[in-house]
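Pasted below: final.csv, CSV, C-alpha atoms and all ligand atoms.
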```
chain,number,residue,atom,x,y,z
O,28,MET,CA,11.7,17.5,14.4
O,29,GLY,CA,14.2,14.7,14.8
O,30,ASN,CA,11.6,11.9,15.1
O,31,SER,CA,8.9,13.0,12.7
O,32,VAL,CA,7.9,11.4,9.4
O,33,LEU,CA,5.7,12.5,6.6
O,34,ILE,CA,2.5,10.5,6.4
O,35,GLU,CA,1.3,9.4,2.9
O,36,THR,CA,-2.1,7.8,2.2
O,37,SER,CA,-2.1,4.8,-0.2
O,38,ALA,CA,-5.3,4.4,-2.1
O,39,ARG,CA,-6.4,1.0,-3.2
O,40,HIS,CA,-4.1,-0.4,-5.9
O,41,VAL,CA,-2.9,-3.5,-7.7
O,42,HIS,CA,0.6,-4.8,-8.4
O,43,VAL,CA,0.9,-7.2,-11.3
O,44,THR,CA,3.4,-9.6,-12.9
O,45,GLU,CA,4.3,-9.2,-16.6
O,46,ALA,CA,2.3,-12.3,-17.4
O,47,ASP,CA,-0.8,-11.1,-15.6
O,48,LEU,CA,-0.5,-7.6,-17.2
O,49,ILE,CA,-0.7,-9.3,-20.6
O,50,LYS,CA,-3.7,-11.4,-19.5
O,51,LEU,CA,-5.5,-8.3,-18.5
O,52,PHE,CA,-4.3,-5.8,-21.2
O,53,GLY,CA,-3.3,-7.9,-24.1
O,54,GLU,CA,-0.1,-9.0,-25.9
O,55,GLY,CA,2.6,-6.3,-25.8
O,56,ALA,CA,1.0,-4.3,-23.0
O,57,THR,CA,3.1,-2.1,-20.8
O,58,LEU,CA,2.5,0.0,-17.8
O,59,THR,CA,2.6,3.7,-18.7
O,60,VAL,CA,3.5,6.3,-16.0
O,61,LYS,CA,0.7,8.6,-14.8
O,62,LYS,CA,2.4,9.9,-11.7
O,63,MET,CA,5.7,9.1,-10.0
O,64,LEU,CA,5.4,8.1,-6.3
O,65,SER,CA,7.6,9.1,-3.4
O,66,GLN,CA,9.4,5.7,-3.3
O,67,PRO,CA,12.2,5.8,-5.9
O,68,GLY,CA,11.2,4.2,-9.3
O,69,GLN,CA,7.6,3.5,-8.2
O,70,PHE,CA,4.7,5.0,-10.2
O,71,ALA,CA,0.9,5.0,-10.5
O,72,SER,CA,0.2,3.8,-14.1
O,73,GLU,CA,-2.5,4.8,-16.5
O,74,GLN,CA,-3.7,1.2,-16.5
O,75,LYS,CA,-6.8,0.4,-14.4
O,76,VAL,CA,-8.7,-2.8,-13.5
O,77,THR,CA,-12.0,-3.7,-11.9
O,78,LEU,CA,-12.0,-5.9,-8.7
O,79,VAL,CA,-14.8,-8.3,-8.7
O,80,GLY,CA,-15.6,-9.7,-5.3
O,81,PRO,CA,-18.3,-12.2,-4.2
O,82,LYS,CA,-20.5,-9.2,-3.0
O,83,LYS,CA,-19.7,-6.2,-5.2
O,84,GLU,CA,-17.2,-4.8,-7.7
O,85,ILE,CA,-14.8,-1.8,-7.4
O,86,ALA,CA,-13.9,-0.3,-10.8
O,87,ASN,CA,-11.0,2.0,-11.8
O,88,VAL,CA,-8.4,0.6,-9.5
O,89,SER,CA,-4.9,1.8,-10.5
O,90,ILE,CA,-2.0,-0.5,-11.2
O,91,LEU,CA,1.3,0.6,-9.6
O,92,GLY,CA,4.5,0.0,-11.6
O,93,PRO,CA,6.9,-1.4,-12.3
O,94,CYS,CA,5.7,-5.0,-12.6
O,95,ARG,CA,6.5,-7.3,-9.7
O,96,LYS,CA,7.2,-11.0,-9.3
O,97,ALA,CA,3.7,-11.6,-7.7
O,98,THR,CA,0.3,-10.1,-8.4
O,99,GLN,CA,-1.1,-8.4,-5.3
O,100,VAL,CA,-4.2,-6.3,-4.5
O,101,GLU,CA,-4.0,-3.8,-1.7
O,102,ILE,CA,-7.3,-2.5,-0.3
O,103,SER,CA,-8.7,-0.9,2.8
O,104,ALA,CA,-10.8,-2.9,5.3
O,105,THR,CA,-13.8,-0.9,4.1
O,106,ASP,CA,-13.1,-2.1,0.5
O,107,ALA,CA,-12.8,-5.7,1.8
O,108,ARG,CA,-16.3,-5.4,3.3
O,109,THR,CA,-17.7,-3.9,0.1
O,110,LEU,CA,-16.1,-6.7,-2.1
O,111,GLY,CA,-17.1,-9.4,0.4
O,112,VAL,CA,-13.6,-10.8,1.0
O,113,ASP,CA,-11.9,-11.4,4.4
O,114,ILE,CA,-9.9,-8.6,6.0
O,115,VAL,CA,-6.3,-10.0,6.2
O,116,VAL,CA,-3.7,-7.5,7.3
O,117,ARG,CA,-0.3,-8.3,6.0
O,118,GLU,CA,3.0,-6.8,5.0
O,119,SER,CA,3.4,-6.2,1.2
O,120,GLY,CA,4.7,-9.4,-0.4
O,121,ASP,CA,3.4,-11.7,2.3
O,122,ILE,CA,0.4,-13.1,0.4
O,123,LYS,CA,0.5,-16.8,1.2
O,124,GLY,CA,-3.0,-17.9,2.3
O,125,THR,CA,-4.7,-14.5,1.7
O,126,PRO,CA,-8.0,-14.2,-0.1
O,127,GLY,CA,-8.3,-14.3,-3.9
O,128,ILE,CA,-10.4,-12.1,-6.2
O,129,LYS,CA,-11.2,-11.7,-9.8
O,130,LEU,CA,-9.5,-8.9,-11.8
O,131,VAL,CA,-11.0,-7.6,-15.0
O,132,GLY,CA,-9.1,-5.6,-17.6
O,133,PRO,CA,-9.9,-4.4,-21.1
O,134,ALA,CA,-8.4,-7.6,-22.7
O,135,GLY,CA,-9.3,-10.3,-20.3
O,136,GLU,CA,-9.8,-11.4,-16.8
O,137,LEU,CA,-7.8,-13.2,-14.1
O,138,GLU,CA,-9.0,-15.3,-11.2
O,139,LEU,CA,-6.4,-14.8,-8.4
O,140,THR,CA,-6.4,-17.6,-5.8
O,141,GLU,CA,-4.6,-15.4,-3.3
O,142,GLY,CA,-3.0,-11.9,-3.1
O,143,VAL,CA,-5.6,-9.6,-1.5
O,144,ILE,CA,-4.2,-7.8,1.5
O,145,VAL,CA,-5.0,-4.9,3.7
O,146,ALA,CA,-1.5,-3.5,4.0
O,147,LYS,CA,0.1,-3.3,7.4
O,148,ARG,CA,0.9,0.3,8.2
O,149,HIS,CA,4.6,0.9,7.8
O,150,ILE,CA,7.5,3.4,7.7
O,151,HIS,CA,10.0,3.3,4.8
O,152,LEU,CA,13.5,4.4,5.9
O,153,THR,CA,17.0,4.4,4.3
O,154,PRO,CA,19.8,2.9,6.5
O,155,GLU,CA,20.9,6.5,7.1
O,156,ASP,CA,17.4,7.6,8.3
O,157,ALA,CA,17.2,4.5,10.5
O,158,LYS,CA,20.5,5.3,12.1
O,159,GLU,CA,19.4,8.9,12.8
O,160,PHE,CA,16.2,7.7,14.3
O,161,GLY,CA,17.8,4.8,16.2
O,162,LEU,CA,15.5,2.3,14.5
O,163,GLU,CA,16.0,-1.1,12.9
O,164,ASP,CA,14.4,-3.0,10.1
O,165,LYS,CA,11.3,-4.9,11.2
O,166,GLN,CA,11.1,-2.9,14.5
O,167,VAL,CA,7.5,-2.1,15.6
O,168,VAL,CA,6.8,1.4,16.8
O,169,SER,CA,3.9,3.7,17.4
O,170,VAL,CA,3.2,7.0,15.5
O,171,LYS,CA,1.4,9.9,17.1
O,172,VAL,CA,-0.6,12.1,14.7
O,173,ASP,CA,-1.7,15.6,15.7
O,174,SER,CA,-4.3,16.5,13.2
O,175,GLU,CA,-7.0,19.2,13.2
O,176,CYS,CA,-9.7,17.3,15.1
O,177,ARG,CA,-8.9,13.5,15.1
O,178,SER,CA,-5.5,13.1,16.7
O,179,LEU,CA,-4.5,9.6,17.4
O,180,ILE,CA,-1.7,7.2,18.0
O,181,PHE,CA,-1.1,4.4,15.5
O,182,GLY,CA,0.3,1.3,17.1
O,183,ASP,CA,1.8,-1.8,15.3
O,184,VAL,CA,3.7,0.3,12.7
O,185,VAL,CA,6.4,-1.7,11.1
O,186,VAL,CA,9.8,-0.1,10.2
O,187,ARG,CA,11.2,-1.2,6.9
O,188,VAL,CA,14.8,-0.2,6.1
O,189,ASN,CA,16.2,-0.4,2.5
O,190,ALA,CA,18.7,1.8,0.6
O,191,ASN,CA,16.1,2.1,-2.2
O,192,PHE,CA,13.4,3.6,0.0
O,193,ALA,CA,12.5,7.3,0.7
O,194,LYS,CA,11.5,8.3,4.2
O,195,ALA,CA,7.7,8.2,4.5
O,196,MET,CA,5.0,6.5,6.5
O,197,HIS,CA,2.3,4.7,4.6
O,198,ILE,CA,-1.3,4.2,5.8
O,199,ASP,CA,-4.4,3.3,3.9
O,200,THR,CA,-7.5,5.4,3.3
O,201,ASP,CA,-9.4,4.0,6.4
O,202,GLU,CA,-6.5,4.9,8.6
O,203,SER,CA,-6.0,8.3,7.0
O,204,ASN,CA,-9.7,9.2,7.4
O,205,ALA,CA,-9.7,8.0,11.0
O,206,ALA,CA,-6.9,10.5,11.8
O,207,CYS,CA,-8.0,13.3,9.4
O,208,VAL,CA,-4.6,13.1,7.8
O,209,ALA,CA,-4.1,15.7,5.1
O,210,MET,CA,-1.4,16.5,2.6
O,211,GLY,CA,1.7,17.4,4.6
O,212,THR,CA,0.6,15.8,7.9
O,213,TYR,CA,3.6,14.5,9.9
O,214,GLY,CA,3.6,11.9,12.6
O,215,GLU,CA,5.9,11.6,15.6
O,216,ILE,CA,7.6,8.2,16.0
O,217,ILE,CA,7.3,6.8,19.5
O,218,LYS,CA,9.6,3.8,20.3
O,301,ZN,ZN,4.9,1.7,1.5
```
Before anything else, please render the file you have as structure tokens.
Ligand SMILES: [Zn+2]
Amino acid sequence: MGNSVLIETSARHVHVTEADLIKLFGEGATLTVKKMLSQPGQFASEQKVTLVGPKKEIANVSILGPCRKATQVEISATDARTLGVDIVVRESGDIKGTPGIKLVGPAGELELTEGVIVAKRHIHLTPEDAKEFGLEDKQVVSVKVDSECRSLIFGDVVVRVNANFAKAMHIDTDESNAACVAMGTYGEIIK
């Protein structure tokens, strides 16, 4: 179909700076590839941390690589309730004024003052894909999902266009479960 996009579910994860990686994993630490992701160059690493919120902890949270220029924690709204932090829905990278949290790694811990987001659902497109779909960077669309038993339409989906992207829609585990999204589920973009 000309307006369909593969839906991928992002599990909770952390992005770290080089400096924060060293604080958590020790001098000389690097991120090692566990699994390459659909977005070019991005990978799930073998390195995991524990998120320590005011209410509870969540262990074994994967760090995604490569390192970034800001440390950021992406969780579901359910995770935010579990941890006891506010649910703040933001686009990746837009962390000013978001909740903080404590990260614990094998070599040390780190008290973040901000950086915890529930990622705003989005679609990654290359400029070629965007042209084909007739969409622009930052455009907001809806996506209709026809699943086995929980079909729904997601509103407020942000289109992001970059030559380094691969075509895919990203939602979190709450959103995925709400729509019964499975491997290979496609959505239909509605402008
Ligand atoms: Zn994404």
**OP:** List all protein, DNA and RNA residues that have any atom at most 7 Å from ligand ZN 301 (chain O), counting all atoms listed in the file, and write the list as a list in words.
**Re:**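 Taking all atoms listed in the file into account, the residues around ligand ZN 301 (chain O) at most 7 Å away are His149, Ile150, His151, Met196 and His197 of chain O.
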Original post:
From the list O:Phe181, O:Phe192, O:Phe160, O:Tyr213, which residue is nearest Gly68 in chain O when using only C-alpha atoms?
Top reply: O:Phe192
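A straight line drawn from CA of Gly211 in chain O to CA of Lys194 in chain O is 13.4 Å long.
CA of Gly161 in chain O to CA of Glu118 in chain O spans 21.9 Å [interatomic distance, one decimal].
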Non-local contacts of range 92-108 of chain O (6 Å; all atoms listed in the file; under 5 positions in same chain excluded) as a tab-separated table (two decimals) with C-alpha atoms, in the coordinates of the input:
```
chain	number	residue	atom	x	y	z
O	39	ARG	CA	-6.40	1.00	-3.20
O	40	HIS	CA	-4.10	-0.40	-5.90
O	41	VAL	CA	-2.90	-3.50	-7.70
O	42	HIS	CA	0.60	-4.80	-8.40
O	43	VAL	CA	0.90	-7.20	-11.30
O	44	THR	CA	3.40	-9.60	-12.90
O	45	GLU	CA	4.30	-9.20	-16.60
O	69	GLN	CA	7.60	3.50	-8.20
O	70	PHE	CA	4.70	5.00	-10.20
O	114	ILE	CA	-9.90	-8.60	6.00
O	142	GLY	CA	-3.00	-11.90	-3.10
O	143	VAL	CA	-5.60	-9.60	-1.50
O	144	ILE	CA	-4.20	-7.80	1.50
O	145	VAL	CA	-5.00	-4.90	3.70
```
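If you count all atoms listed in the file and draw a sphere of 7 Å around (3.3, 11.7, 8.0), the protein and nucleic acid residues inside it come out as Val32, Leu33, Ile34, Glu35, Ala195, Met196, Gly211, Thr212, Tyr213 and Gly214 of chain O.
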Original post:
Which polymer residues have any atom within 7 Å of an atom of range 110-112 of chain O, counting only C-alpha atoms, with same-chain residues fewer than 3 positions away left out, as a list in words?
Top reply: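 These residues fall inside the cut-off: Val79, Gly80, Pro81, Lys82, Lys83, Glu84, Asp106, Ala107 and Pro126 of chain O.
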Original post:
Pick the closest to Leu139 in chain O from O:Ile90, O:Val172, O:Leu78, O:Ile180: which is it, counting only C-alpha atoms?
Top reply: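 Closest to Leu139 in chain O, using only C-alpha atoms: O:Leu78.
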Original post:
Which one is closest to Gln166 in chain O: O:Val184, O:Leu130, O:Ala209, O:Ala38? Count only C-alpha atoms.
Top reply: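 Result for the nearest residue to Gln166 in chain O: O:Val184.
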Original post:
Near Gly124 in chain O, counting only C-alpha atoms, which residues have an atom at most 9 Å away, once you skip same-chain residues fewer than 3 positions from it, shown as number ranges by chain?
Top reply: O: 121, 127, 140-142
